[in-house]
Amino acid sequence: MNTTEQIKKAIQHAMNSKFYQKHFAGINAEDIKSIDDFNKLPFTDKEDLRDAYPFGLQAVPDEKIIRIHSSSGTTGTPVIIPYTKKDVEDWAIMFKRCYETAGCTNLDRIHITPGYGLWTAGIGFQAGAELLGALAIPMGPGNTDKQIKMMIDLKSTVICATSSYALLLAEEIEKRGVRDKIHLKKGVIGSERWGEKMRKRIAGELGVELYDIYGLTEIYGPGIGINCQKQDAMHMWTDYMYCEIIDPKTGQILPDGETGELVITTLHKEGAPLIRYRTHDLTKIVPGKCECGLDFPRIATLIGRSDDMVKVRGAIIYPSRVDELLSGIDGVSSEYQIMIDHLNGKDIITLFFETKIEIGDASHNLEKTVEHEFKQKIGITPKAKAVGMGELPRSEKKSTRVFDNRY
Ligand code: ZN
């Protein structure tokens, strides 16, 4: 079956759900004859899924559903994703592939620290490990003392964690001086954007090879892609899903190699199929074949969320890039804010950053450095303004650093 036929079948199946009967009202799957036709279908976004709460996404009879997972998001109604037996099995097959791509075998002892419960983390890591025939150690998060004791006593060889928890464990192992009692060889790290600096620290302190695992609860969960031993991008299991990269503002499809938002269509999901689901994760399709020999297409390490991205005077500003460039400048703290205003017919960027340096000549020099670096790395010159430590308002949502006042 070619891609168009697979997609068509997926759409036909999705139309069994109340959600898609409404969302795709007036659309006939029979009319999808090419990828171009498919590209005209509306996207599905997380907000739409909330409206389908609780079981609006279900596309099979009740007796076929064996489990649900749920993603919460920051506000309001959760999203419920029903799974059939086959969905759970397919997910485990993909996850097993992830472990294999990372070079894990049935002799590995896989220490799983992501949480078990409504969201999909821990249980996905577990199912993949069991299918591989490895020894799963279902720790869940927290209790660092116990984590380290078990890691030593059971001789865990693979650590599964979020990047922040992996870093915390690495620091605790270092602090306790037990590094030579640890048997870890690999880290399978999920679900957060993380910089090269942090990656090097975790790899160095734990003495492991690191693998980024990709996934989201709406599309099975973690395990739908992972980077290989060539390290620089994640292979996606495209026999289970169809991936597109779009311009998040216009919805236009972007060619391979251009950064945009990842959009996924599930090809075999029974319980809650999704068509053109917007992940809001920013990445690009890495062109060409991977040296590792795997035929699955690759996406680059995530660089942020499309919701955080802004375009000013033709340049695209991603908070992750700003984080990165500021962290490379001595004297600039991690707290900053970007204001974008439209004054006298022109877009103006003001970048406020906190510094321990006394505000005066020295801080003016630092402002010049920040402006220069920003121009070099992002392509436009902001007005940089140094402020004292603690002067910028702290928002509850730590990610809100860019304020676009133009509209
Ligand atoms: Zn590869």
# chains A, B, ... in the order shown; residues from 1 in each chain; ligands from 1
$ closest_atom_pairs --of "chain A" --to "ligand 1" --cutoff "7 Å" --atoms "only C-alpha atoms and all ligand atoms" --output "tab-separated table"
residue	atom	partner	partner_atom_place_in_ligand_line	distance
A:Asn227	CA	ligand 1	1 (Zn)	6.7
A:Cys228	CA	ligand 1	1 (Zn)	4.5
A:Gln229	CA	ligand 1	1 (Zn)	6.4
A:Lys230	CA	ligand 1	1 (Zn)	5.6
A:His235	CA	ligand 1	1 (Zn)	6.5
A:Cys290	CA	ligand 1	1 (Zn)	4.6
A:Glu291	CA	ligand 1	1 (Zn)	5.9
A:Cys292	CA	ligand 1	1 (Zn)	4.2
A:Gly293	CA	ligand 1	1 (Zn)	6.2
A:Leu294	CA	ligand 1	1 (Zn)	5.5
$ write_last_selection --atoms "all heavy atoms" --output "PDB file, in the first residue's frame"
ATOM      1  N   ASN A 227      17.148   8.974  18.609  1.00  0.00           N
ATOM      2  CA  ASN A 227      18.355   9.160  17.799  1.00  0.00           C
ATOM      3  C   ASN A 227      19.202   7.891  17.822  1.00  0.00           C
ATOM      4  O   ASN A 227      19.109   7.074  18.738  1.00  0.00           O
ATOM      5  CB  ASN A 227      19.138  10.411  18.207  1.00  0.00           C
ATOM      6  CG  ASN A 227      19.706  10.340  19.584  1.00  0.00           C
ATOM      7  OD1 ASN A 227      19.054   9.861  20.496  1.00  0.00           O
ATOM      8  ND2 ASN A 227      20.917  10.786  19.750  1.00  0.00           N
ATOM      9  N   CYS A 228      19.985   7.725  16.775  1.00  0.00           N
ATOM     10  CA  CYS A 228      20.776   6.503  16.639  1.00  0.00           C
ATOM     11  C   CYS A 228      22.186   6.780  17.128  1.00  0.00           C
ATOM     12  O   CYS A 228      22.468   7.825  17.689  1.00  0.00           O
ATOM     13  CB  CYS A 228      20.775   6.055  15.194  1.00  0.00           C
ATOM     14  SG  CYS A 228      21.529   7.274  14.116  1.00  0.00           S
ATOM     15  N   GLN A 229      23.085   5.845  16.871  1.00  0.00           N
ATOM     16  CA  GLN A 229      24.443   6.042  17.376  1.00  0.00           C
ATOM     17  C   GLN A 229      25.181   7.129  16.621  1.00  0.00           C
ATOM     18  O   GLN A 229      26.239   7.559  17.040  1.00  0.00           O
ATOM     19  CB  GLN A 229      25.173   4.705  17.366  1.00  0.00           C
ATOM     20  CG  GLN A 229      24.448   3.756  18.331  1.00  0.00           C
ATOM     21  CD  GLN A 229      25.122   2.439  18.564  1.00  0.00           C
ATOM     22  OE1 GLN A 229      26.035   2.059  17.859  1.00  0.00           O
ATOM     23  NE2 GLN A 229      24.645   1.727  19.576  1.00  0.00           N
ATOM     24  N   LYS A 230      24.621   7.596  15.496  1.00  0.00           N
ATOM     25  CA  LYS A 230      25.207   8.746  14.806  1.00  0.00           C
ATOM     26  C   LYS A 230      24.840  10.046  15.527  1.00  0.00           C
ATOM     27  O   LYS A 230      25.343  11.110  15.183  1.00  0.00           O
ATOM     28  CB  LYS A 230      24.756   8.790  13.349  1.00  0.00           C
ATOM     29  CG  LYS A 230      25.261   7.626  12.544  1.00  0.00           C
ATOM     30  CD  LYS A 230      26.778   7.662  12.393  1.00  0.00           C
ATOM     31  CE  LYS A 230      27.294   6.311  11.951  1.00  0.00           C
ATOM     32  NZ  LYS A 230      28.719   6.125  12.284  1.00  0.00           N
ATOM     33  N   HIS A 235      15.442   9.228  14.432  1.00  0.00           N
ATOM     34  CA  HIS A 235      14.691   8.463  13.441  1.00  0.00           C
ATOM     35  C   HIS A 235      13.245   8.360  13.911  1.00  0.00           C
ATOM     36  O   HIS A 235      12.995   8.105  15.090  1.00  0.00           O
ATOM     37  CB  HIS A 235      15.257   7.041  13.327  1.00  0.00           C
ATOM     38  CG  HIS A 235      16.592   6.978  12.646  1.00  0.00           C
ATOM     39  ND1 HIS A 235      16.721   7.016  11.290  1.00  0.00           N
ATOM     40  CD2 HIS A 235      17.852   6.892  13.146  1.00  0.00           C
ATOM     41  CE1 HIS A 235      18.018   6.936  10.967  1.00  0.00           C
ATOM     42  NE2 HIS A 235      18.720   6.873  12.079  1.00  0.00           N
ATOM     43  N   CYS A 290      20.793   8.173   6.714  1.00  0.00           N
ATOM     44  CA  CYS A 290      21.671   8.181   7.885  1.00  0.00           C
ATOM     45  C   CYS A 290      22.792   7.154   7.695  1.00  0.00           C
ATOM     46  O   CYS A 290      22.576   6.068   7.162  1.00  0.00           O
ATOM     47  CB  CYS A 290      20.863   7.855   9.122  1.00  0.00           C
ATOM     48  SG  CYS A 290      21.810   7.975  10.642  1.00  0.00           S
ATOM     49  N   GLU A 291      23.956   7.519   8.177  1.00  0.00           N
ATOM     50  CA  GLU A 291      25.111   6.612   8.077  1.00  0.00           C
ATOM     51  C   GLU A 291      24.894   5.299   8.828  1.00  0.00           C
ATOM     52  O   GLU A 291      25.559   4.311   8.546  1.00  0.00           O
ATOM     53  CB  GLU A 291      26.356   7.277   8.672  1.00  0.00           C
ATOM     54  CG  GLU A 291      26.968   8.364   7.829  1.00  0.00           C
ATOM     55  CD  GLU A 291      28.049   9.083   8.621  1.00  0.00           C
ATOM     56  OE1 GLU A 291      28.928   8.397   9.174  1.00  0.00           O
ATOM     57  OE2 GLU A 291      27.990  10.325   8.697  1.00  0.00           O
ATOM     58  N   CYS A 292      23.977   5.312   9.802  1.00  0.00           N
ATOM     59  CA  CYS A 292      23.781   4.102  10.606  1.00  0.00           C
ATOM     60  C   CYS A 292      23.112   2.997   9.805  1.00  0.00           C
ATOM     61  O   CYS A 292      23.085   1.851  10.222  1.00  0.00           O
ATOM     62  CB  CYS A 292      22.966   4.408  11.855  1.00  0.00           C
ATOM     63  SG  CYS A 292      21.211   4.549  11.549  1.00  0.00           S
ATOM     64  N   GLY A 293      22.510   3.359   8.653  1.00  0.00           N
ATOM     65  CA  GLY A 293      21.901   2.346   7.816  1.00  0.00           C
ATOM     66  C   GLY A 293      20.390   2.226   7.996  1.00  0.00           C
ATOM     67  O   GLY A 293      19.718   1.616   7.168  1.00  0.00           O
ATOM     68  N   LEU A 294      19.845   2.789   9.071  1.00  0.00           N
ATOM     69  CA  LEU A 294      18.389   2.731   9.268  1.00  0.00           C
ATOM     70  C   LEU A 294      17.705   3.554   8.182  1.00  0.00           C
ATOM     71  O   LEU A 294      18.129   4.667   7.884  1.00  0.00           O
ATOM     72  CB  LEU A 294      18.020   3.326  10.627  1.00  0.00           C
ATOM     73  CG  LEU A 294      17.896   2.417  11.834  1.00  0.00           C
ATOM     74  CD1 LEU A 294      17.450   3.234  13.040  1.00  0.00           C
ATOM     75  CD2 LEU A 294      16.894   1.289  11.580  1.00  0.00           C
TER      76      LEU A 294
END
$ select_by_dssp --residues "region 190-258 of chain A" --states "helix (DSSP H, G or I)" --output "ChimeraX atom specification"
/A:196-206
$ closest_residue --among "A:Gly177, A:Gly26, A:Gly142, A:Gly251" --to "Phe43 (chain A)" --atoms "only C-alpha atoms"
A:Gly251
$ atom_distance --atom1 "CA of Asp361 (chain A)" --atom2 "CA of Ile348 (chain A)"
23.7 Å
$ residues_around --residues "region 110-115 of chain A" --least-positions-apart "4" --cutoff "8 Å" --atoms "only C-alpha atoms" --output "ChimeraX atom specification"
/A:119,121-122,125-126,129,134-142,151,156-162
